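Structure first, commentary second.
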Amino acid sequence: MDDYRGIADRLAEAITSGRLKPGQRLMPQRQFARRHGIAGSTAGRVYAELVRRGLVVGEVGRGTFVRAAASDPTGRALIERAGAAPVNMELNYPVVAGQAELLAPLLTPLLRPDVLTEALLPAAATGTAPAREAAAHLLATPGWRPEPGRVLFTGNARQSIAATLASLVRAGGRVGVEPLTYPLVKEIAARLGILLVPLAADADGPLPESVAAAHRTAPLSALYLQPTLHNPTSRTTSAARRQQLADVVTDLGLPVVEDRIWSFLHPLAPDPLAAHAPALTHVVDSLSKRVAPGLTAGFVVVPQDRVDAVGAAIRSGGWNAGRFALEAAARAVAEGVADRLAEAKRADAALRQRIVAEELHGLAVRAHPQGYYAWWELPAPWRADTFTAAAAAHGIAVTPGPAFAVDPGRTPDAIRLGLASAAAPDLRRALRTLAGVARTGP
């Protein structure tokens with residue numbers, strides 16, 4: 001029997017040769033398995049390998065579609081290829097001019113052999129005293145400052161989310177989330193055996209009554225929410241709605257995982273839910289967006305009585321942060337570098353949003369003036385899958401809206417544009433191309 005990689009190689013060759021066209025739907029995995037005489041699990045690995053290579057995109061309830069081909073056909077917008085270099089708007093890691101120059105002096109002292117020996121040791125979940133103080137300062141808002149003793153550390157924000165959910169929810173448990181949520185939370189939930197329950201929401205965020213209704217249907221174990229600069233819509237929940245949500249979770253005794261990864265871009269946003277429900281809220285943040293993509297350390301501020309449980313989950317998952325990253329974080333905060341980088345990234349994001357406003361003028365795009373992403377509701381008759389394939393044919397990677405949808409029966413015909421990774425001129429060119437594709441039609 002063929003190894004799944006060999007089968008994937010043959011499909012990849014069919015895509016790159018043009019025999020399988022951009023936008024073409026692959027047969028369902030079960031049918032593919034029967035056709036090739038392989039196990040269903042092997043077919044799943046074949047399709048997953050094609051996704052990993054960036055050749056196809058899968059949408060729950062719709063199927064798997066070819067995203068790109070190496071041939072150079074002309075004609076319809078769906079299959080035209082751009083001659084310029086690829087632009088990846090799926091990745092979203094902000095880097096600003098002068099970032100390395102700001103960070104280098106902080107890291108140089110860590111390279112002394114006597115210091116490096118200590119810095120290369122693994123860190124406990126509780127980190128170090130300087131790191132806890134630095135994180136408390138970094139995460140503070142005008143009306144909320146976490147106690148340093150309640151800060152725990154992981155390798156990155158995804159691990160903080162995973163550890164917190166693992167400590168709160170048993171396999172088979174239910175977690176309430178916004179109808180559109182961070183795709184990696186969907187992956188984390190699947191691996192932990194957690195069922196995500198979409199909550200009814202409006203333009204201001206989840207409806208408090210929907211939390212209570214979902215809990216009555218079958219008890220929820222926790223909520224996972226993004227009240228500030230929600231990914232992908234950029235929505236920021238008002239202070240009044242946050243208080244209403246805090247009242248509901250307090251009445252229900254329902255823990256909350258509050259994701260604030262992008263909140264540094266919106267310093268005037270209302271205080272976190274943790275300011276209103278400190279005994280229930282677990283606040284997740286990290287360094288990778290606000291400081292540097294390669295300097296990864298995740299933070300989670302937990303209620304006082306949850307320090308041991310979340311710490312144990314971090315240890316059992318092997319999600320501890322590296323001490324080098326914690327030392328660098330402490331220095332970046334103490335020297336003011338983290339604040340300067342955050343300010344520079346707010347300015348950079350504002351510049352990129354102006355480019356979005358100029359190039360996608362008149363189209364249904366939602367974004368925050370200082371956010372690093374935009375949510376584009378596509379004009380009919382475009383669907384998310386076909387538009388994603390058309391974008392890929394032009395060398396532009398975007399994230400289809402269904403990747404964020406919790407309910408597979410309600411998948412939006414929209415895409416998320418990550419604005420941080422591409423150089424500004426490339427971003428403008430890509431957006432102009434996408435606007436032309438959208439207006440041409442499939």
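In the structure tokens, chains take letters A, B, ... by order of appearance, with residues numbered from 1 within each chain and ligands from 1 in the order shown.
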
Find the residues around Asn88 (chain A) up to 9 Å (only C-alpha atoms counted), leave out those fewer than 5 positions away in its own chain, and share them as a VMD selection string.
chain A and resid 395 to 398 418 421 to 422

Contact residues around Ile261 (chain A) with only C-alpha atoms at 9 Å, ignoring same-chain residues under 5 positions, as a list in words:
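Here the answer would be Ala157, Gln226, Thr228, Leu229, Val284, Asp285, Ser286, Leu287, Ser288, Lys289 and Arg290 of chain A.
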
Mind checking which residues fall within 10 Å of Tyr182 (chain A), counting only C-alpha atoms, ignoring those fewer than 6 positions away in the same chain, and posting them as a PDB file with all heavy atoms, in the first residue's frame?
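Wrote it out as around.pdb, contents follow:
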```
ATOM      1  N   TYR A 224     -14.861  30.977  26.303  1.00  0.00           N
ATOM      2  CA  TYR A 224     -13.649  31.530  25.694  1.00  0.00           C
ATOM      3  C   TYR A 224     -14.092  32.736  24.877  1.00  0.00           C
ATOM      4  O   TYR A 224     -14.890  32.613  23.934  1.00  0.00           O
ATOM      5  CB  TYR A 224     -12.951  30.512  24.790  1.00  0.00           C
ATOM      6  CG  TYR A 224     -11.896  31.162  23.902  1.00  0.00           C
ATOM      7  CD1 TYR A 224     -10.627  31.441  24.392  1.00  0.00           C
ATOM      8  CD2 TYR A 224     -12.196  31.544  22.588  1.00  0.00           C
ATOM      9  CE1 TYR A 224      -9.673  32.066  23.594  1.00  0.00           C
ATOM     10  CE2 TYR A 224     -11.250  32.170  21.792  1.00  0.00           C
ATOM     11  CZ  TYR A 224      -9.996  32.431  22.299  1.00  0.00           C
ATOM     12  OH  TYR A 224      -9.067  33.064  21.519  1.00  0.00           O
ATOM     13  N   LEU A 225     -13.588  33.928  25.227  1.00  0.00           N
ATOM     14  CA  LEU A 225     -14.044  35.164  24.602  1.00  0.00           C
ATOM     15  C   LEU A 225     -12.864  36.052  24.216  1.00  0.00           C
ATOM     16  O   LEU A 225     -11.800  36.000  24.846  1.00  0.00           O
ATOM     17  CB  LEU A 225     -14.969  35.939  25.548  1.00  0.00           C
ATOM     18  CG  LEU A 225     -16.213  35.208  26.063  1.00  0.00           C
ATOM     19  CD1 LEU A 225     -16.951  36.072  27.074  1.00  0.00           C
ATOM     20  CD2 LEU A 225     -17.134  34.813  24.908  1.00  0.00           C
ATOM     21  N   GLN A 226     -13.098  36.886  23.216  1.00  0.00           N
ATOM     22  CA  GLN A 226     -12.130  37.899  22.780  1.00  0.00           C
ATOM     23  C   GLN A 226     -12.832  39.267  22.795  1.00  0.00           C
ATOM     24  O   GLN A 226     -13.253  39.746  21.747  1.00  0.00           O
ATOM     25  CB  GLN A 226     -11.633  37.609  21.364  1.00  0.00           C
ATOM     26  CG  GLN A 226     -11.018  36.243  21.141  1.00  0.00           C
ATOM     27  CD  GLN A 226     -10.738  36.020  19.664  1.00  0.00           C
ATOM     28  OE1 GLN A 226      -9.805  36.581  19.103  1.00  0.00           O
ATOM     29  NE2 GLN A 226     -11.570  35.225  19.015  1.00  0.00           N
ATOM     30  N   HIS A 230     -11.700  41.573  18.552  1.00  0.00           N
ATOM     31  CA  HIS A 230     -12.071  40.201  18.252  1.00  0.00           C
ATOM     32  C   HIS A 230     -11.491  39.779  16.897  1.00  0.00           C
ATOM     33  O   HIS A 230     -11.548  40.517  15.920  1.00  0.00           O
ATOM     34  CB  HIS A 230     -13.602  40.101  18.220  1.00  0.00           C
ATOM     35  CG  HIS A 230     -14.130  38.794  17.743  1.00  0.00           C
ATOM     36  ND1 HIS A 230     -14.523  38.590  16.435  1.00  0.00           N
ATOM     37  CD2 HIS A 230     -14.327  37.628  18.385  1.00  0.00           C
ATOM     38  CE1 HIS A 230     -14.958  37.357  16.301  1.00  0.00           C
ATOM     39  NE2 HIS A 230     -14.837  36.740  17.467  1.00  0.00           N
ATOM     40  N   ASN A 231     -10.893  38.605  16.879  1.00  0.00           N
ATOM     41  CA  ASN A 231     -10.337  38.023  15.668  1.00  0.00           C
ATOM     42  C   ASN A 231     -11.327  36.996  15.129  1.00  0.00           C
ATOM     43  O   ASN A 231     -11.593  36.000  15.820  1.00  0.00           O
ATOM     44  CB  ASN A 231      -9.008  37.336  16.010  1.00  0.00           C
ATOM     45  CG  ASN A 231      -8.309  36.741  14.815  1.00  0.00           C
ATOM     46  OD1 ASN A 231      -8.678  36.972  13.674  1.00  0.00           O
ATOM     47  ND2 ASN A 231      -7.276  35.956  15.076  1.00  0.00           N
ATOM     48  N   PRO A 232     -12.001  37.260  13.982  1.00  0.00           N
ATOM     49  CA  PRO A 232     -11.534  38.073  12.861  1.00  0.00           C
ATOM     50  C   PRO A 232     -12.243  39.414  12.648  1.00  0.00           C
ATOM     51  O   PRO A 232     -11.860  40.149  11.738  1.00  0.00           O
ATOM     52  CB  PRO A 232     -11.870  37.170  11.672  1.00  0.00           C
ATOM     53  CG  PRO A 232     -13.180  36.545  12.068  1.00  0.00           C
ATOM     54  CD  PRO A 232     -13.059  36.306  13.555  1.00  0.00           C
ATOM     55  N   ASP A 259      -9.117  36.145  25.970  1.00  0.00           N
ATOM     56  CA  ASP A 259      -7.973  36.258  25.063  1.00  0.00           C
ATOM     57  C   ASP A 259      -7.739  37.739  24.746  1.00  0.00           C
ATOM     58  O   ASP A 259      -8.584  38.392  24.139  1.00  0.00           O
ATOM     59  CB  ASP A 259      -8.280  35.478  23.784  1.00  0.00           C
ATOM     60  CG  ASP A 259      -7.100  35.405  22.827  1.00  0.00           C
ATOM     61  OD1 ASP A 259      -6.209  36.271  22.912  1.00  0.00           O
ATOM     62  OD2 ASP A 259      -7.077  34.482  21.982  1.00  0.00           O
ATOM     63  N   ALA A 403     -13.168  29.086   8.298  1.00  0.00           N
ATOM     64  CA  ALA A 403     -12.136  28.643   9.246  1.00  0.00           C
ATOM     65  C   ALA A 403     -12.436  29.143  10.650  1.00  0.00           C
ATOM     66  O   ALA A 403     -12.002  28.549  11.636  1.00  0.00           O
ATOM     67  CB  ALA A 403     -10.762  29.135   8.799  1.00  0.00           C
ATOM     68  N   PHE A 404     -13.189  30.242  10.757  1.00  0.00           N
ATOM     69  CA  PHE A 404     -13.500  30.825  12.058  1.00  0.00           C
ATOM     70  C   PHE A 404     -14.861  30.384  12.589  1.00  0.00           C
ATOM     71  O   PHE A 404     -15.175  30.629  13.757  1.00  0.00           O
ATOM     72  CB  PHE A 404     -13.487  32.359  11.962  1.00  0.00           C
ATOM     73  CG  PHE A 404     -12.161  32.934  11.553  1.00  0.00           C
ATOM     74  CD1 PHE A 404     -11.851  33.113  10.215  1.00  0.00           C
ATOM     75  CD2 PHE A 404     -11.220  33.299  12.498  1.00  0.00           C
ATOM     76  CE1 PHE A 404     -10.629  33.641   9.822  1.00  0.00           C
ATOM     77  CE2 PHE A 404      -9.994  33.827  12.122  1.00  0.00           C
ATOM     78  CZ  PHE A 404      -9.703  33.993  10.776  1.00  0.00           C
ATOM     79  N   ALA A 405     -15.693  29.790  11.739  1.00  0.00           N
ATOM     80  CA  ALA A 405     -17.069  29.478  12.122  1.00  0.00           C
ATOM     81  C   ALA A 405     -17.123  28.264  13.039  1.00  0.00           C
ATOM     82  O   ALA A 405     -16.505  27.236  12.774  1.00  0.00           O
ATOM     83  CB  ALA A 405     -17.910  29.234  10.873  1.00  0.00           C
ATOM     84  N   VAL A 406     -17.871  28.384  14.122  1.00  0.00           N
ATOM     85  CA  VAL A 406     -18.029  27.283  15.069  1.00  0.00           C
ATOM     86  C   VAL A 406     -19.123  26.334  14.610  1.00  0.00           C
ATOM     87  O   VAL A 406     -18.999  25.117  14.736  1.00  0.00           O
ATOM     88  CB  VAL A 406     -18.340  27.829  16.476  1.00  0.00           C
ATOM     89  CG1 VAL A 406     -18.544  26.690  17.472  1.00  0.00           C
ATOM     90  CG2 VAL A 406     -17.216  28.746  16.941  1.00  0.00           C
TER      91      VAL A 406
END
```

Long-range neighbours of Arg216 (chain A) as a PyMOL selection string, 12 Å cut-off, only C-alpha atoms, 6 positions minimum in chain
chain A and resi 174+209-210+252

Find the residue from A:Ala423, A:Val211, A:Ala119, A:Ala14 that sits nearest to Ala349 (chain A); use only C-alpha atoms when measuring.
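Counting only C-alpha atoms, the residue closest to Ala349 (chain A) is A:Ala423.
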
Where in region 304-430 of chain A does DSSP assign strand (DSSP E or B), given as a PDB file with C-alpha atoms, in the first residue's frame?
```pdb
ATOM      1  CA  GLY A 322      11.906  29.044  28.172  1.00  0.00           C
ATOM      2  CA  ALA A 364     -18.074  45.407   2.837  1.00  0.00           C
ATOM      3  CA  VAL A 365     -14.966  45.458   5.024  1.00  0.00           C
ATOM      4  CA  ARG A 366     -14.972  45.671   8.826  1.00  0.00           C
ATOM      5  CA  ALA A 367     -11.833  46.624  10.700  1.00  0.00           C
ATOM      6  CA  TYR A 373      -6.693  42.400  10.289  1.00  0.00           C
ATOM      7  CA  ALA A 374      -9.857  43.069   8.336  1.00  0.00           C
ATOM      8  CA  TRP A 375     -13.047  41.058   7.833  1.00  0.00           C
ATOM      9  CA  TRP A 376     -14.351  41.209   4.274  1.00  0.00           C
ATOM     10  CA  GLU A 377     -17.901  40.052   3.505  1.00  0.00           C
ATOM     11  CA  ILE A 396      -2.210  35.775  -2.426  1.00  0.00           C
ATOM     12  CA  ALA A 397      -3.054  33.649   0.613  1.00  0.00           C
ATOM     13  CA  THR A 399      -8.073  32.915   5.374  1.00  0.00           C
ATOM     14  CA  PRO A 400     -11.594  31.810   4.391  1.00  0.00           C
ATOM     15  CA  ALA A 405     -17.069  29.478  12.122  1.00  0.00           C
ATOM     16  CA  ALA A 414     -16.196  36.201   3.932  1.00  0.00           C
ATOM     17  CA  ILE A 415     -12.435  36.200   4.292  1.00  0.00           C
ATOM     18  CA  ARG A 416     -10.030  37.516   6.886  1.00  0.00           C
ATOM     19  CA  LEU A 417      -7.134  39.610   5.685  1.00  0.00           C
ATOM     20  CA  GLY A 418      -4.035  39.526   7.869  1.00  0.00           C
TER      21      GLY A 418
END
```

Might you pull out every residue within 10 Å of Ile314 (chain A), with only C-alpha atoms counted and same-chain residues fewer than 4 positions away left off, and present them as a PDB file with N, CA, C and O atoms, in the first residue's frame?
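Below you can see part.pdb, which holds the result:
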```pdb
ATOM      1  N   ALA A 124       9.937  27.274  35.485  1.00  0.00           N
ATOM      2  CA  ALA A 124       8.721  26.739  36.083  1.00  0.00           C
ATOM      3  C   ALA A 124       7.519  27.516  35.555  1.00  0.00           C
ATOM      4  O   ALA A 124       7.665  28.603  34.977  1.00  0.00           O
ATOM      5  N   ALA A 125       6.330  26.978  35.748  1.00  0.00           N
ATOM      6  CA  ALA A 125       5.125  27.672  35.291  1.00  0.00           C
ATOM      7  C   ALA A 125       5.002  29.041  35.930  1.00  0.00           C
ATOM      8  O   ALA A 125       4.448  29.975  35.330  1.00  0.00           O
ATOM      9  N   THR A 126       5.530  29.171  37.142  1.00  0.00           N
ATOM     10  CA  THR A 126       5.464  30.462  37.830  1.00  0.00           C
ATOM     11  C   THR A 126       6.534  31.436  37.354  1.00  0.00           C
ATOM     12  O   THR A 126       6.547  32.597  37.795  1.00  0.00           O
ATOM     13  N   LEU A 152       1.112  33.127  35.354  1.00  0.00           N
ATOM     14  CA  LEU A 152       1.809  31.903  34.972  1.00  0.00           C
ATOM     15  C   LEU A 152       2.296  32.039  33.539  1.00  0.00           C
ATOM     16  O   LEU A 152       1.764  32.850  32.773  1.00  0.00           O
ATOM     17  N   PHE A 153       3.280  31.222  33.169  1.00  0.00           N
ATOM     18  CA  PHE A 153       3.938  31.379  31.874  1.00  0.00           C
ATOM     19  C   PHE A 153       3.934  30.070  31.085  1.00  0.00           C
ATOM     20  O   PHE A 153       4.084  28.982  31.648  1.00  0.00           O
ATOM     21  N   THR A 154       3.791  30.226  29.776  1.00  0.00           N
ATOM     22  CA  THR A 154       3.888  29.099  28.844  1.00  0.00           C
ATOM     23  C   THR A 154       4.793  29.515  27.686  1.00  0.00           C
ATOM     24  O   THR A 154       5.260  30.648  27.622  1.00  0.00           O
ATOM     25  N   GLY A 155       4.981  28.588  26.740  1.00  0.00           N
ATOM     26  CA  GLY A 155       5.819  28.897  25.600  1.00  0.00           C
ATOM     27  C   GLY A 155       5.216  29.907  24.653  1.00  0.00           C
ATOM     28  O   GLY A 155       5.927  30.653  23.990  1.00  0.00           O
ATOM     29  N   GLN A 159      -0.460  27.825  23.903  1.00  0.00           N
ATOM     30  CA  GLN A 159      -0.268  26.900  25.013  1.00  0.00           C
ATOM     31  C   GLN A 159      -0.972  27.406  26.271  1.00  0.00           C
ATOM     32  O   GLN A 159      -1.480  26.602  27.061  1.00  0.00           O
ATOM     33  N   SER A 160      -1.004  28.714  26.452  1.00  0.00           N
ATOM     34  CA  SER A 160      -1.738  29.264  27.600  1.00  0.00           C
ATOM     35  C   SER A 160      -3.217  28.938  27.492  1.00  0.00           C
ATOM     36  O   SER A 160      -3.864  28.566  28.481  1.00  0.00           O
ATOM     37  N   ALA A 162      -4.550  26.433  25.750  1.00  0.00           N
ATOM     38  CA  ALA A 162      -4.714  24.984  25.893  1.00  0.00           C
ATOM     39  C   ALA A 162      -4.613  24.558  27.351  1.00  0.00           C
ATOM     40  O   ALA A 162      -5.428  23.755  27.842  1.00  0.00           O
ATOM     41  N   ALA A 163      -3.630  25.075  28.061  1.00  0.00           N
ATOM     42  CA  ALA A 163      -3.449  24.688  29.462  1.00  0.00           C
ATOM     43  C   ALA A 163      -4.633  25.138  30.312  1.00  0.00           C
ATOM     44  O   ALA A 163      -5.105  24.392  31.184  1.00  0.00           O
ATOM     45  N   THR A 164      -5.110  26.343  30.057  1.00  0.00           N
ATOM     46  CA  THR A 164      -6.227  26.851  30.852  1.00  0.00           C
ATOM     47  C   THR A 164      -7.480  26.044  30.594  1.00  0.00           C
ATOM     48  O   THR A 164      -8.194  25.652  31.534  1.00  0.00           O
ATOM     49  N   ALA A 166      -7.617  22.986  29.453  1.00  0.00           N
ATOM     50  CA  ALA A 166      -7.404  21.635  29.982  1.00  0.00           C
ATOM     51  C   ALA A 166      -7.637  21.581  31.482  1.00  0.00           C
ATOM     52  O   ALA A 166      -8.108  20.564  32.017  1.00  0.00           O
ATOM     53  N   SER A 167      -7.313  22.680  32.173  1.00  0.00           N
ATOM     54  CA  SER A 167      -7.497  22.696  33.627  1.00  0.00           C
ATOM     55  C   SER A 167      -8.946  22.929  34.029  1.00  0.00           C
ATOM     56  O   SER A 167      -9.329  22.647  35.166  1.00  0.00           O
ATOM     57  N   ASP A 308      -2.510  26.673  41.233  1.00  0.00           N
ATOM     58  CA  ASP A 308      -1.981  25.307  41.250  1.00  0.00           C
ATOM     59  C   ASP A 308      -2.541  24.464  40.113  1.00  0.00           C
ATOM     60  O   ASP A 308      -1.806  23.710  39.459  1.00  0.00           O
ATOM     61  N   ALA A 309      -3.855  24.579  39.844  1.00  0.00           N
ATOM     62  CA  ALA A 309      -4.481  23.747  38.817  1.00  0.00           C
ATOM     63  C   ALA A 309      -3.955  24.092  37.425  1.00  0.00           C
ATOM     64  O   ALA A 309      -3.624  23.193  36.633  1.00  0.00           O
ATOM     65  N   VAL A 310      -3.870  25.383  37.117  1.00  0.00           N
ATOM     66  CA  VAL A 310      -3.370  25.757  35.796  1.00  0.00           C
ATOM     67  C   VAL A 310      -1.876  25.457  35.690  1.00  0.00           C
ATOM     68  O   VAL A 310      -1.394  24.991  34.653  1.00  0.00           O
ATOM     69  N   GLY A 318       3.711  19.918  29.070  1.00  0.00           N
ATOM     70  CA  GLY A 318       5.033  20.285  28.575  1.00  0.00           C
ATOM     71  C   GLY A 318       5.036  21.660  27.933  1.00  0.00           C
ATOM     72  O   GLY A 318       5.766  21.903  26.962  1.00  0.00           O
ATOM     73  N   TRP A 319       4.234  22.572  28.471  1.00  0.00           N
ATOM     74  CA  TRP A 319       4.021  23.882  27.859  1.00  0.00           C
ATOM     75  C   TRP A 319       4.798  24.993  28.570  1.00  0.00           C
ATOM     76  O   TRP A 319       4.484  26.173  28.398  1.00  0.00           O
ATOM     77  N   ASN A 320       5.794  24.638  29.330  1.00  0.00           N
ATOM     78  CA  ASN A 320       6.545  25.664  30.061  1.00  0.00           C
ATOM     79  C   ASN A 320       7.287  26.606  29.117  1.00  0.00           C
ATOM     80  O   ASN A 320       7.756  26.202  28.059  1.00  0.00           O
ATOM     81  N   ALA A 321       7.404  27.849  29.533  1.00  0.00           N
ATOM     82  CA  ALA A 321       8.173  28.838  28.780  1.00  0.00           C
ATOM     83  C   ALA A 321       9.666  28.591  28.958  1.00  0.00           C
ATOM     84  O   ALA A 321      10.100  27.987  29.945  1.00  0.00           O
TER      85      ALA A 321
END
```

Which residues, written as a list in words, have at least one atom at most 12 Å from Pro278 (chain A), with only C-alpha atoms counted and residues fewer than 5 positions away on the same chain left out?
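The residues satisfying every condition are Trp144, Arg145, Pro146, Glu147, Arg150, Gln243, Ala246, Asp247, Val249, Thr250, Gly253, Leu254, Pro255, Val256, Val257, Glu258, Asp271, Pro272, Leu273, Val283, Val301, Val302, Pro303, Gln304, Asp305 and Arg306 of chain A.
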
Ranking A:Ala189, A:Val51, A:Ala332, A:Leu378 by minimum distance to Val177 (chain A) and counting only C-alpha atoms, which one comes first?
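Nearest to Val177 (chain A): A:Ala189.
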
Counting only C-alpha atoms, what is within 10 Å of Ala203 (chain A), bar same-chain residues fewer than 3 positions away, as number ranges by chain?
A: 206-207, 233, 235-238

Counting only C-alpha atoms, the residue of A:Ala274, A:Ala200, A:Ala438, A:Leu195 that sits nearest Pro381 (chain A)
A:Ala438

Just to confirm, what's the straight-line distance from CA of Pro412 (chain A) to CA of Ala391 (chain A) in Å (one decimal)?
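Computing the Euclidean distance for CA of Pro412 (chain A) and CA of Ala391 (chain A) yields 17.0 Å.
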
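Minimum distance to Ala140 (chain A) across A:Thr296, A:Ser263, A:Thr281, A:Thr411 (counting only C-alpha atoms) occurs at A:Ser263.
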
Measure the distance from CA of Arg315 (chain A) to CA of Pro122 (chain A) in Å and round it to one decimal.
11.2 Å

Pick from A:Leu431, A:Ala190, A:Ala48, A:Leu139, whichever lies nearest to Asp339 (chain A) using only C-alpha atoms
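Answer, going by the shortest atom-to-atom distance: A:Leu139.
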
Could you state the separation of CA of Lys345 (chain A) and CA of Ala100 (chain A) in Å, given to one decimal place?
13.7 Å
